[in-house]
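Have a look at query.txt; it's compact mmCIF, C-alpha atoms:
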```
# COMPACT_ATOMS: atom_id res chain seq x y z
CA MET A 1 -9.94 92.36 -145.44
CA LYS A 2 -9.68 95.57 -147.47
CA VAL A 3 -12.97 97.30 -148.29
CA THR A 4 -13.06 99.53 -151.36
CA ILE A 5 -15.96 101.81 -152.25
CA ASP A 6 -15.70 103.45 -155.70
CA ASN A 7 -18.18 106.18 -156.72
CA LEU A 8 -21.01 104.57 -154.76
CA SER A 9 -24.48 106.08 -155.19
CA LYS A 10 -27.76 104.89 -153.75
CA LYS A 11 -31.03 106.58 -154.69
CA PHE A 12 -34.59 105.91 -153.57
CA GLY A 13 -36.58 107.29 -156.49
CA ASP A 14 -35.72 110.99 -156.55
CA VAL A 15 -34.23 110.90 -153.05
CA VAL A 16 -30.44 110.65 -152.85
CA GLY A 17 -29.24 108.47 -149.98
CA VAL A 18 -25.55 108.69 -150.84
CA GLU A 19 -23.83 110.05 -153.93
CA ASN A 20 -20.42 109.44 -155.53
CA LEU A 21 -18.81 108.09 -152.36
CA THR A 22 -15.26 106.82 -152.67
CA LEU A 23 -13.44 105.28 -149.69
CA HIS A 24 -10.55 102.87 -149.32
CA ILE A 25 -10.52 101.05 -145.97
CA GLU A 26 -7.40 99.11 -145.06
CA ASP A 27 -7.24 95.56 -143.72
CA GLY A 28 -7.82 95.57 -139.96
CA GLU A 29 -8.75 99.26 -139.86
CA PHE A 30 -11.51 100.67 -137.64
CA VAL A 31 -13.45 103.31 -139.60
CA ALA A 32 -16.39 105.38 -138.34
CA PHE A 33 -19.10 106.89 -140.52
CA LEU A 34 -20.04 110.10 -138.71
CA GLY A 35 -22.76 112.62 -139.43
CA PRO A 36 -26.25 113.86 -138.54
CA SER A 37 -29.45 111.95 -139.26
CA GLY A 38 -30.11 111.66 -142.99
CA CYS A 39 -26.48 112.15 -144.03
CA GLY A 40 -26.19 108.74 -145.75
CA LYS A 41 -24.07 106.83 -143.24
CA THR A 42 -26.57 104.03 -142.53
CA THR A 43 -27.52 103.82 -146.22
CA THR A 44 -23.85 103.21 -147.02
CA LEU A 45 -23.55 100.58 -144.28
CA LEU A 46 -26.63 98.70 -145.45
CA THR A 47 -25.32 98.79 -149.03
CA LEU A 48 -22.05 97.27 -147.81
CA ALA A 49 -24.09 94.61 -146.01
CA GLY A 50 -26.01 93.78 -149.19
CA ILE A 51 -29.38 94.82 -147.77
CA TYR A 52 -29.52 97.64 -150.35
CA LYS A 53 -28.25 97.26 -153.90
CA PRO A 54 -26.19 100.21 -155.14
CA THR A 55 -27.64 102.42 -157.85
CA ASP A 56 -24.15 103.10 -159.20
CA GLY A 57 -20.58 102.35 -158.23
CA VAL A 58 -18.57 99.33 -157.13
CA ILE A 59 -17.99 97.70 -153.72
CA ARG A 60 -15.04 95.35 -153.26
CA PHE A 61 -14.15 93.11 -150.33
CA GLY A 62 -10.50 92.44 -151.04
CA GLU A 63 -10.38 91.94 -154.83
CA ARG A 64 -13.91 90.55 -154.98
CA ILE A 65 -16.74 92.71 -156.33
CA VAL A 66 -19.74 92.11 -154.06
CA ASN A 67 -22.41 94.34 -155.64
CA THR A 68 -24.66 91.39 -156.46
CA VAL A 69 -23.47 88.98 -153.75
CA GLN A 70 -26.19 88.00 -151.25
CA PRO A 71 -25.70 89.23 -147.64
CA LYS A 72 -25.29 85.67 -146.34
CA ASP A 73 -22.42 85.08 -148.78
CA ARG A 74 -20.40 88.21 -147.89
CA ASN A 75 -19.01 86.81 -144.61
CA ILE A 76 -19.90 89.89 -142.62
CA GLY A 77 -20.90 90.29 -138.99
CA MET A 78 -23.45 92.97 -138.15
CA VAL A 79 -24.38 94.53 -134.81
CA PHE A 80 -27.60 96.55 -134.72
CA GLN A 81 -28.82 99.38 -132.52
CA SER A 82 -31.81 97.28 -131.42
CA TYR A 83 -29.65 94.16 -130.65
CA ALA A 84 -32.11 92.06 -132.77
CA LEU A 85 -31.91 89.04 -130.47
CA TYR A 86 -34.44 86.22 -130.65
CA PRO A 87 -36.41 86.48 -127.37
CA HIS A 88 -37.48 82.80 -127.30
CA MET A 89 -33.89 81.56 -127.66
CA THR A 90 -31.23 81.29 -124.97
CA VAL A 91 -28.01 83.27 -125.17
CA PHE A 92 -26.27 80.12 -126.42
CA GLN A 93 -28.85 79.62 -129.17
CA ASN A 94 -28.69 83.28 -130.22
CA ILE A 95 -24.92 83.23 -130.56
CA ALA A 96 -24.92 79.84 -132.27
CA TYR A 97 -27.62 80.75 -134.80
CA PRO A 98 -25.25 81.86 -137.62
CA LEU A 99 -23.34 78.57 -137.21
CA LYS A 100 -26.59 76.62 -137.36
CA LEU A 101 -27.43 78.32 -140.67
CA LYS A 102 -24.01 77.32 -141.97
CA LYS A 103 -24.68 73.74 -140.84
CA VAL A 104 -21.60 73.67 -138.61
CA ALA A 105 -21.32 70.47 -136.59
CA LYS A 106 -22.92 70.72 -133.13
CA ALA A 107 -19.68 69.93 -131.33
CA ASP A 108 -17.92 72.74 -133.18
CA GLN A 109 -20.85 75.06 -132.47
CA HIS A 110 -20.53 74.39 -128.76
CA ASP A 111 -16.77 75.05 -128.73
CA ARG A 112 -16.96 78.26 -130.76
CA VAL A 113 -19.89 79.69 -128.80
CA ARG A 114 -18.13 78.98 -125.50
CA GLN A 115 -14.95 80.61 -126.77
CA VAL A 116 -16.71 83.76 -127.99
CA ALA A 117 -18.89 84.00 -124.88
CA ASN A 118 -15.82 83.88 -122.65
CA VAL A 119 -14.13 86.60 -124.69
CA MET A 120 -17.27 88.75 -124.32
CA GLY A 121 -17.50 88.07 -120.57
CA ILE A 122 -20.90 86.36 -120.77
CA GLY A 123 -19.85 82.73 -120.40
CA GLU A 124 -22.04 82.28 -117.33
CA LEU A 125 -25.15 83.65 -119.08
CA LEU A 126 -25.53 81.09 -121.86
CA ASP A 127 -28.66 79.49 -120.39
CA ARG A 128 -30.55 82.78 -119.97
CA ARG A 129 -32.93 84.42 -122.40
CA PRO A 130 -32.54 88.05 -123.63
CA GLY A 131 -35.36 89.28 -121.38
CA GLN A 132 -33.29 88.24 -118.34
CA LEU A 133 -30.29 90.36 -119.39
CA SER A 134 -29.31 93.98 -118.94
CA GLY A 135 -28.82 96.25 -121.96
CA GLY A 136 -25.05 95.88 -121.81
CA GLN A 137 -25.29 92.09 -121.60
CA GLN A 138 -27.67 92.00 -124.58
CA GLN A 139 -25.22 94.09 -126.57
CA ARG A 140 -22.43 91.66 -125.75
CA VAL A 141 -24.62 88.78 -126.96
CA ALA A 142 -25.29 90.64 -130.22
CA LEU A 143 -21.56 91.25 -130.68
CA GLY A 144 -20.77 87.64 -129.85
CA ARG A 145 -23.27 86.46 -132.47
CA ALA A 146 -21.52 88.66 -135.05
CA LEU A 147 -18.07 87.36 -134.08
CA VAL A 148 -18.82 83.64 -133.85
CA LYS A 149 -18.98 83.25 -137.63
CA GLU A 150 -15.42 84.66 -137.87
CA PRO A 151 -16.36 87.44 -140.32
CA ASP A 152 -14.04 89.25 -142.69
CA VAL A 153 -15.79 92.57 -141.97
CA LEU A 154 -17.69 93.79 -138.90
CA LEU A 155 -20.48 96.35 -139.40
CA PHE A 156 -21.89 98.36 -136.49
CA ASP A 157 -25.11 100.37 -136.84
CA GLU A 158 -25.16 102.78 -133.85
CA PRO A 159 -24.82 99.84 -131.42
CA LEU A 160 -24.53 101.89 -128.23
CA SER A 161 -27.39 104.36 -128.70
CA ASN A 162 -29.76 102.48 -126.36
CA LEU A 163 -27.29 102.28 -123.46
CA ASP A 164 -26.88 104.72 -120.60
CA ALA A 165 -23.90 107.11 -120.60
CA ARG A 166 -21.70 105.12 -118.22
CA LEU A 167 -22.30 101.82 -120.01
CA ARG A 168 -21.62 103.48 -123.39
CA LEU A 169 -18.22 104.53 -122.07
CA THR A 170 -17.44 100.98 -120.92
CA MET A 171 -18.63 99.37 -124.15
CA ARG A 172 -16.67 101.84 -126.29
CA GLY A 173 -13.47 100.67 -124.66
CA GLU A 174 -14.41 97.00 -124.87
CA ILE A 175 -15.34 97.13 -128.56
CA LYS A 176 -12.17 99.01 -129.48
CA HIS A 177 -9.97 96.63 -127.45
CA LEU A 178 -11.66 93.58 -128.96
CA GLN A 179 -11.37 94.90 -132.52
CA LYS A 180 -7.66 95.61 -132.12
CA ASN A 181 -6.99 92.17 -130.68
CA LEU A 182 -8.92 90.36 -133.42
CA GLY A 183 -7.75 92.63 -136.26
CA ILE A 184 -11.11 92.51 -138.05
CA THR A 185 -11.84 95.34 -140.49
CA SER A 186 -14.68 97.26 -138.83
CA ILE A 187 -17.06 99.99 -139.97
CA TYR A 188 -18.99 101.82 -137.28
CA VAL A 189 -21.95 104.13 -137.93
CA THR A 190 -22.65 106.84 -135.34
CA HIS A 191 -24.00 110.37 -134.96
CA ASP A 192 -21.96 110.75 -131.74
CA GLN A 193 -18.68 112.48 -132.53
CA VAL A 194 -17.21 111.41 -129.16
CA GLU A 195 -17.71 107.75 -130.10
CA ALA A 196 -16.12 108.31 -133.50
CA MET A 197 -13.17 110.31 -132.13
CA THR A 198 -12.33 107.86 -129.35
CA MET A 199 -12.79 104.59 -131.25
CA ALA A 200 -11.87 105.02 -134.92
CA ASP A 201 -8.54 104.98 -136.73
CA ARG A 202 -10.12 107.18 -139.40
CA ILE A 203 -13.47 108.93 -139.64
CA ALA A 204 -15.60 109.53 -142.73
CA VAL A 205 -17.63 112.66 -142.03
CA MET A 206 -20.80 112.79 -144.14
CA SER A 207 -23.47 115.41 -144.81
CA GLY A 208 -26.40 115.34 -147.24
CA GLY A 209 -25.26 112.07 -148.81
CA HIS A 210 -21.78 113.40 -149.59
CA LEU A 211 -18.38 112.76 -148.05
CA GLN A 212 -17.02 115.88 -146.32
CA ALA A 213 -13.72 114.44 -145.10
CA PHE A 214 -11.97 111.13 -144.45
CA ASP A 215 -9.09 111.42 -142.05
CA SER A 216 -7.72 110.63 -138.59
CA PRO A 217 -9.47 112.16 -135.55
CA ASP A 218 -6.54 114.51 -134.89
CA GLU A 219 -6.48 115.79 -138.47
CA LEU A 220 -10.24 116.38 -138.51
CA TYR A 221 -10.03 118.31 -135.25
CA ASP A 222 -6.89 120.36 -135.91
CA ARG A 223 -7.11 120.82 -139.69
CA PRO A 224 -10.77 120.66 -140.75
CA LYS A 225 -11.15 120.79 -144.53
CA THR A 226 -14.67 122.27 -144.46
CA GLN A 227 -16.75 124.44 -142.17
CA PHE A 228 -19.18 121.58 -141.66
CA VAL A 229 -16.41 119.31 -140.36
CA ALA A 230 -15.09 122.08 -138.10
CA GLY A 231 -18.52 122.63 -136.59
CA PHE A 232 -19.56 118.99 -136.27
CA VAL A 233 -16.32 117.59 -134.82
CA GLY A 234 -15.62 118.95 -131.36
CA ASN A 235 -17.68 119.52 -128.22
CA PRO A 236 -18.51 122.28 -127.40
CA PRO A 237 -18.74 123.25 -131.09
CA MET A 238 -16.45 125.72 -132.81
CA ASN A 239 -17.35 129.42 -132.79
CA PHE A 240 -17.88 131.04 -136.20
CA VAL A 241 -17.94 134.72 -137.11
CA ASP A 242 -17.87 136.57 -140.45
CA VAL A 243 -14.76 138.73 -140.70
CA SER A 244 -12.64 140.59 -143.21
CA VAL A 245 -8.92 139.80 -143.13
CA GLU A 246 -6.68 142.74 -143.99
CA ALA A 247 -2.91 142.97 -144.47
CA SER A 248 -1.11 145.98 -142.98
CA ASN A 249 2.70 146.39 -142.94
CA GLY A 250 3.27 142.64 -143.08
CA ARG A 251 0.71 141.96 -140.34
CA PHE A 252 -2.72 140.38 -140.73
CA PHE A 253 -5.90 141.36 -138.91
CA ALA A 254 -9.31 139.70 -138.72
CA GLU A 255 -11.86 142.46 -138.23
CA THR A 256 -15.55 143.12 -137.66
CA GLU A 257 -17.28 146.22 -136.34
CA SER A 258 -16.73 145.00 -132.76
CA LEU A 259 -13.35 143.21 -132.79
CA ARG A 260 -9.88 143.32 -134.33
CA LEU A 261 -7.59 140.32 -133.90
CA GLU A 262 -4.10 139.79 -135.26
CA ALA A 263 -3.45 136.47 -137.01
CA GLN A 264 -0.01 134.98 -137.53
CA LYS A 265 1.35 135.22 -141.06
CA GLU A 266 0.91 131.50 -141.83
CA ARG A 267 -2.79 131.73 -140.98
CA GLY A 268 -3.47 135.21 -142.33
CA GLU A 269 -1.97 135.20 -145.83
CA GLN A 270 -4.57 132.98 -147.53
CA PRO A 271 -7.71 134.67 -146.14
CA ALA A 272 -6.16 138.11 -146.71
CA GLY A 273 -5.81 137.23 -150.39
CA HIS A 274 -9.41 136.05 -150.60
CA ASP A 275 -11.84 138.32 -152.41
CA GLY A 276 -14.40 139.49 -149.85
CA PRO A 277 -15.32 138.45 -146.28
CA VAL A 278 -14.40 135.06 -144.83
CA VAL A 279 -15.64 132.91 -141.95
CA MET A 280 -13.32 132.74 -138.94
CA GLY A 281 -13.59 129.71 -136.65
CA ILE A 282 -12.10 129.26 -133.20
CA ARG A 283 -12.74 126.53 -130.64
CA PRO A 284 -14.00 127.34 -127.10
CA GLU A 285 -10.81 126.00 -125.52
CA ASP A 286 -8.80 128.55 -127.54
CA ILE A 287 -10.55 131.52 -125.92
CA ARG A 288 -9.96 132.54 -122.32
CA ILE A 289 -11.06 135.26 -119.98
CA SER A 290 -8.05 137.45 -119.22
CA SER A 291 -7.47 140.88 -117.73
CA ASP A 292 -5.25 141.75 -120.70
CA GLY A 293 -7.63 140.36 -123.34
CA ALA A 294 -7.98 142.27 -126.61
CA VAL A 295 -11.78 142.02 -126.80
CA SER A 296 -14.40 143.17 -124.30
CA GLY A 297 -17.81 141.52 -123.89
CA GLU A 298 -20.59 140.62 -121.49
CA ILE A 299 -21.38 137.18 -120.10
CA PHE A 300 -24.81 136.10 -121.32
CA VAL A 301 -25.08 132.73 -119.56
CA VAL A 302 -22.93 130.36 -117.50
CA GLU A 303 -23.54 126.58 -117.82
CA PRO A 304 -21.81 124.45 -115.14
CA LEU A 305 -20.31 121.26 -116.58
CA GLY A 306 -18.79 119.99 -113.34
CA ARG A 307 -15.04 120.34 -113.82
CA GLU A 308 -15.45 123.56 -115.83
CA ASP A 309 -18.06 126.09 -116.91
CA LEU A 310 -19.29 126.69 -120.45
CA ILE A 311 -19.68 130.45 -120.82
CA ASP A 312 -21.50 132.36 -123.55
CA VAL A 313 -19.99 135.84 -124.00
CA ARG A 314 -21.63 138.42 -126.24
CA VAL A 315 -19.28 140.78 -128.09
CA GLY A 316 -21.41 143.26 -130.00
CA GLN A 317 -23.60 141.14 -132.27
CA HIS A 318 -21.35 138.10 -131.91
CA SER A 319 -21.59 135.21 -129.45
CA PHE A 320 -18.53 133.25 -128.30
CA LEU A 321 -18.57 130.02 -126.30
CA LEU A 322 -15.56 129.38 -124.08
CA LEU A 323 -14.52 127.17 -121.16
CA ALA A 324 -13.48 128.51 -117.76
CA ASP A 325 -12.47 127.08 -114.38
CA THR A 326 -15.45 126.70 -112.05
CA GLU A 327 -13.43 128.32 -109.24
CA ASP A 328 -13.44 131.62 -111.16
CA ARG A 329 -17.20 131.83 -110.43
CA HIS A 330 -18.20 134.05 -113.34
CA GLN A 331 -21.77 135.35 -113.40
CA ALA A 332 -24.23 136.38 -116.11
CA GLY A 333 -24.07 140.12 -116.77
CA GLU A 334 -20.38 140.36 -115.85
CA ARG A 335 -18.12 142.39 -118.17
CA VAL A 336 -14.99 140.46 -119.17
CA SER A 337 -12.03 140.69 -121.53
CA LEU A 338 -11.27 137.84 -123.90
CA ALA A 339 -7.92 136.63 -125.22
CA PHE A 340 -7.93 134.56 -128.44
CA ASP A 341 -5.25 132.00 -129.33
CA MET A 342 -4.84 133.08 -132.93
CA ASP A 343 -2.36 130.24 -133.57
CA GLN A 344 -5.39 127.92 -133.61
CA VAL A 345 -7.81 130.02 -135.67
CA GLN A 346 -9.42 128.60 -138.84
CA PHE A 347 -10.67 130.43 -141.95
CA PHE A 348 -13.28 129.26 -144.48
CA ASP A 349 -14.64 130.43 -147.80
CA PRO A 350 -18.25 131.56 -147.08
CA ASP A 351 -19.47 130.38 -150.50
CA THR A 352 -17.87 126.93 -150.79
CA GLU A 353 -17.38 126.40 -147.01
CA LYS A 354 -13.94 124.96 -147.83
CA SER A 355 -10.94 125.75 -145.65
CA LEU A 356 -8.66 128.56 -146.80
CA LEU A 357 -5.80 127.00 -144.82
CA TRP A 358 -5.94 123.25 -145.52
CA GLN A 359 -6.51 122.13 -149.09
```
Now that the file is in, can you turn its structure into structure tokens?
Amino acid sequence: MKVTIDNLSKKFGDVVGVENLTLHIEDGEFVAFLGPSGCGKTTTLLTLAGIYKPTDGVIRFGERIVNTVQPKDRNIGMVFQSYALYPHMTVFQNIAYPLKLKKVAKADQHDRVRQVANVMGIGELLDRRPGQLSGGQQQRVALGRALVKEPDVLLFDEPLSNLDARLRLTMRGEIKHLQKNLGITSIYVTHDQVEAMTMADRIAVMSGGHLQAFDSPDELYDRPKTQFVAGFVGNPPMNFVDVSVEASNGRFFAETESLRLEAQKERGEQPAGHDGPVVMGIRPEDIRISSDGAVSGEIFVVEPLGREDLIDVRVGQHSFLLLADTEDRHQAGERVSLAFDMDQVQFFDPDTEKSLLWQ
């Protein structure tokens, strides 16, 4: 089922939840809405579900406009952060509840619940109540309840937020595998960029009720269209520093009072032609400590991450985060030289925050 959102706006009095959002989601696609709290992602999801009515704009499921269609008539499945299971009902009764509302014959209810429960790996739990289940098992029941009605669209509202880190990893893989096998168009709301990057075919990055970018995970990471996207997508986050980019004898240099870095022509021409300073961005994995580095600084803090260390190096008034091998055993206060991979550097307009490289 294709889902089309055209110029969608939702306002709560004077408060803008989402404004002029346009997205086209393909049949069978897995799309994530990603952004910080208050960015409009859940408002958009609840408008798609029919819980909120749009202030302006049009929502289509396939060719059908659903703006005024009741939630129960949209043929959607929804999985909530809180699971929203009925505590007095068994697992079987919870999963079967949407079929009961549709007045599906009891024999058919039994067959479909059994089938879904086996797919979700909870076939042996049908006689238990939610209070007798672990968090992961409850989440599987909630997903099974959404799937049993054979929906055209699956909506997820931060479904893994209440699970521990290891179980989140397991459930991410299970949900993605299940979605691909079933081919159901799915929209997944999350503030966790790792969830979005690992699960989604495309990601809609939102901020302040506005769409910042809608693209594949690789494109968002390698070619961010705005400074917000560059800073929000990626962990550890991208380093930013205000620089001036100057051209000299066909070469391009990004400069501040404490550093001077040469950028390749393809990356340097646009910012060099920009009127005034620009924002340079570079990811921690594109900076390394090297004896022949072009920039000298002092280690401010070392944070062990297990396989590698996250190191904060101060260069003049600037701070750069980078990753280093734990076996190098760097210490706070140590003087080091930094080498920058300028093939990966990004440049942004400080006023509009738009990329000067990717339009």
- [ ] Tell me, in Å to one decimal, how far atom CA of Tyr221 of chain A is from atom CA of Val279 of chain A.
- [x] 17.0 Å
TODO: Determine, counting all atoms listed in the file, which protein, DNA and RNA residues have an atom within 8 Å of an atom of segment 200-209 of chain A; residues of the same chain fewer than 5 positions away are not included. Present the result as a PyMOL selection string.
DONE: chain A and resi 16-19+29-36+38-41+214-217+229
Put those residues in a file: C-alpha atoms, as a PDB file, in the coordinates of the input.
```pdb
ATOM      1  CA  VAL A  16     -30.440 110.650-152.850  1.00  0.00           C
ATOM      2  CA  GLY A  17     -29.240 108.470-149.980  1.00  0.00           C
ATOM      3  CA  VAL A  18     -25.550 108.690-150.840  1.00  0.00           C
ATOM      4  CA  GLU A  19     -23.830 110.050-153.930  1.00  0.00           C
ATOM      5  CA  GLU A  29      -8.750  99.260-139.860  1.00  0.00           C
ATOM      6  CA  PHE A  30     -11.510 100.670-137.640  1.00  0.00           C
ATOM      7  CA  VAL A  31     -13.450 103.310-139.600  1.00  0.00           C
ATOM      8  CA  ALA A  32     -16.390 105.380-138.340  1.00  0.00           C
ATOM      9  CA  PHE A  33     -19.100 106.890-140.520  1.00  0.00           C
ATOM     10  CA  LEU A  34     -20.040 110.100-138.710  1.00  0.00           C
ATOM     11  CA  GLY A  35     -22.760 112.620-139.430  1.00  0.00           C
ATOM     12  CA  PRO A  36     -26.250 113.860-138.540  1.00  0.00           C
ATOM     13  CA  GLY A  38     -30.110 111.660-142.990  1.00  0.00           C
ATOM     14  CA  CYS A  39     -26.480 112.150-144.030  1.00  0.00           C
ATOM     15  CA  GLY A  40     -26.190 108.740-145.750  1.00  0.00           C
ATOM     16  CA  LYS A  41     -24.070 106.830-143.240  1.00  0.00           C
ATOM     17  CA  PHE A 214     -11.970 111.130-144.450  1.00  0.00           C
ATOM     18  CA  ASP A 215      -9.090 111.420-142.050  1.00  0.00           C
ATOM     19  CA  SER A 216      -7.720 110.630-138.590  1.00  0.00           C
ATOM     20  CA  PRO A 217      -9.470 112.160-135.550  1.00  0.00           C
ATOM     21  CA  VAL A 229     -16.410 119.310-140.360  1.00  0.00           C
TER      22      VAL A 229
END
```
List as a Markdown table every residue of segment 211-259 of chain A that is in contact with segment 291-297 of chain A, defined as an atom at most 12 Å from one of its atoms (using only C-alpha atoms), together with the nearest atom pair and the distance in Å rounded to one decimal, sorted by chain and then rising number.
```
| residue | atom | partner | partner_atom | distance |
| --- | --- | --- | --- | --- |
| A:Glu255 | CA | A:Val295 | CA | 11.4 |
| A:Thr256 | CA | A:Val295 | CA | 11.5 |
| A:Glu257 | CA | A:Val295 | CA | 11.8 |
| A:Ser258 | CA | A:Val295 | CA | 8.3 |
| A:Leu259 | CA | A:Val295 | CA | 6.3 |
```
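If all atoms listed in the file are the atoms counted, then among A:Glu26, A:Asp164, A:Glu262, A:Asp218 the closest residue to Gly62 of chain A is A:Glu26.
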- [ ] For atom CA of Leu8 of chain A and atom CA of Arg172 of chain A, determine how far apart the two atoms are, in Å to one decimal place.
- [x]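 Interatomic distance, atom CA of Leu8 of chain A to atom CA of Arg172 of chain A: 28.9 Å.
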Open item on the list: Can you measure atom CA of Asp6 of chain A to atom CA of Asn20 of chain A for me? One decimal in Å is fine.
Closed with: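 Spanning atom CA of Asp6 of chain A to atom CA of Asn20 of chain A is a straight-line distance of 7.6 Å.
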